[in-house]
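S.K.: This is the structure I want to talk about, given as structure tokens.
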Amino acid sequence: MCWYRTAIAEFDQPMMPITARPETPSQPDRALTFTTGTYFGGVDVSEALAHEMAMYHVAGDGSGILPASWRNLNFRRLVGVPFTPSRRPTAPSTDTLTLRVDDDGVSFVLHNRAAGNVAVAGGMLHIMPAGVFQPSSVLPAAQVADFDLWRNMMREYSEEFLGSAEHGGEGKPADYSAEPLASFDRAYAAGGVRVFCLGVALDALTLWGEILTVAVFDGPTYDRLFVNMVSANAEGTVVKTGRVRPTSALPFTRHTIEELTASGRLAPTAAGCIQLAWEHRRTILGRG
């Protein structure tokens, strides 16, 4: 089971901190509203859109992509205006750019997603963590406790950064009083990590929903929480650079971002989130 986005108002500011709940009654113009559905309800639409496009626009002789056209895309025409999510199940993911900040600068991490292990952005470089916004279990208690963007992100940090078992829905609900989730929550409450929402996006090919977020960790908090960070997890490998002392810390600089963008390997969502974070870096990093 996952929560589907059914409506969203345009934010009146380019960025806002994530609050404890995705819907804030006192700020209805910034509310995210959801309903319940199934993961494959969204996948069935998104994958069909991608395969239909490939069928008619990928040259059979392997020479490349043919010019885009609506011709023959009957299913895509049925979907209609992509910004009317009531016409179809729209499964949203939370995609988080993770920044580590100390006196030496700002760094971030990327994930090389294994094509055979993931349904979205396979074979591409993605920000991490990233995962569908869904409860940790099909049990009713989880649907209540997990309806929270930060809790969804915490579970993804546990799985992708620390290699913990995935809360796939078939087991017990996540226990937020147990480690490592409890440490994430304490760090958030203490201000060691600050989280922002940059907006909501749709993948142009699949129309998959993406909630673009940024988590800013101070250096000591990041190092404490991720002292046992893995090099590989169930969905791929952590990108590392440097021959003598390989590191997963990529410098958050204009040069790095331009190089990654030019490589063509960044997933569209990752590219968009990184570019928006760079554009609003002074606000995100609290540097005026």
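Note on naming: chains are A, B, ... as they come in the structure tokens, residues start from 1 per chain, ligands start from 1 in the order shown.
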Which neighbours of His167 (chain A) fall inside 9 Å, counting only C-alpha atoms, when residues of the same chain fewer than 6 positions from it are skipped, and could you give them as a tab-separated table (two decimals) with N, CA and C atoms, in the first residue's frame?
M.R.:
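The resulting file, around-v4.tsv, is shown below:
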```tsv
chain	number	residue	atom	x	y	z
A	135	PRO	N	3.27	3.61	4.00
A	135	PRO	CA	3.43	3.12	5.36
A	135	PRO	C	4.38	1.95	5.42
A	136	SER	N	4.90	1.69	6.62
A	136	SER	CA	5.87	0.61	6.80
A	136	SER	C	5.19	-0.75	6.84
A	137	SER	N	3.88	-0.79	7.00
A	137	SER	CA	3.14	-2.03	7.09
A	137	SER	C	1.71	-1.78	6.63
A	155	ARG	N	13.11	6.17	7.55
A	155	ARG	CA	13.16	4.75	7.18
A	155	ARG	C	14.06	4.55	5.96
A	159	GLU	N	17.51	2.28	5.58
A	159	GLU	CA	17.67	1.24	4.56
A	159	GLU	C	18.83	1.52	3.62
A	173	PRO	N	4.87	-2.91	11.90
A	173	PRO	CA	5.12	-1.48	11.67
A	173	PRO	C	6.49	-1.07	12.21
A	174	ALA	N	7.06	-0.02	11.65
A	174	ALA	CA	8.34	0.49	12.11
A	174	ALA	C	8.23	0.97	13.56
```
S.K.: Hey, what does DSSP flag as alpha helix (DSSP H) within region 101-248 of chain A? Can you give it to me as a ChimeraX atom specification?
M.R.: /A:140-145,149-160,181-190,219-225
S.K.: Name the residues in contact with Lys172 (chain A) at a cut-off of 10 Å, using only C-alpha atoms, excluding same-chain residues fewer than 3 positions from it; report them as a list in words.
M.R.: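 The filter keeps Ser136, Ser137, Val138, Leu139, Ala141, Ala142, His167, Gly168, Gly169 and Asp175 of chain A.
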S.K.: Could you pull out the strand (DSSP E) residues of region 38-244 of chain A, going by DSSP on the backbone, and write them as an MDAnalysis selection string?
M.R.: chainID A and resid 92:102 105:108 110:113 125:127 130:132 193:202 209:218 232:233 236:238
S.K.: Taking a cut-off of 9 Å and counting only C-alpha atoms, can you build a table that, for each residue of region 138-256 of chain A near region 269-276 of chain A, reports the nearest atom pair and how far apart they are in Å (one decimal), sorted by chain then residue number, as a tab-separated table?
M.R.:
```
residue	atom	partner	partner_atom	distance
A:Leu198	CA	A:Leu276	CA	7.1
A:Gly199	CA	A:Cys273	CA	9.0
A:Ala201	CA	A:Thr269	CA	7.8
A:Leu202	CA	A:Thr269	CA	8.4
A:Asp203	CA	A:Thr269	CA	7.1
A:Glu210	CA	A:Thr269	CA	7.3
A:Leu212	CA	A:Cys273	CA	6.0
A:Thr213	CA	A:Cys273	CA	7.4
A:Val214	CA	A:Cys273	CA	8.1
```
S.K.: Between A:Trp208, A:Tyr222, A:Tyr39, A:Trp278, which has the minimum distance to Phe83 (chain A) (counting only C-alpha atoms)?
M.R.: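 Ranked by minimum distance to Phe83 (chain A), first place goes to A:Trp208.
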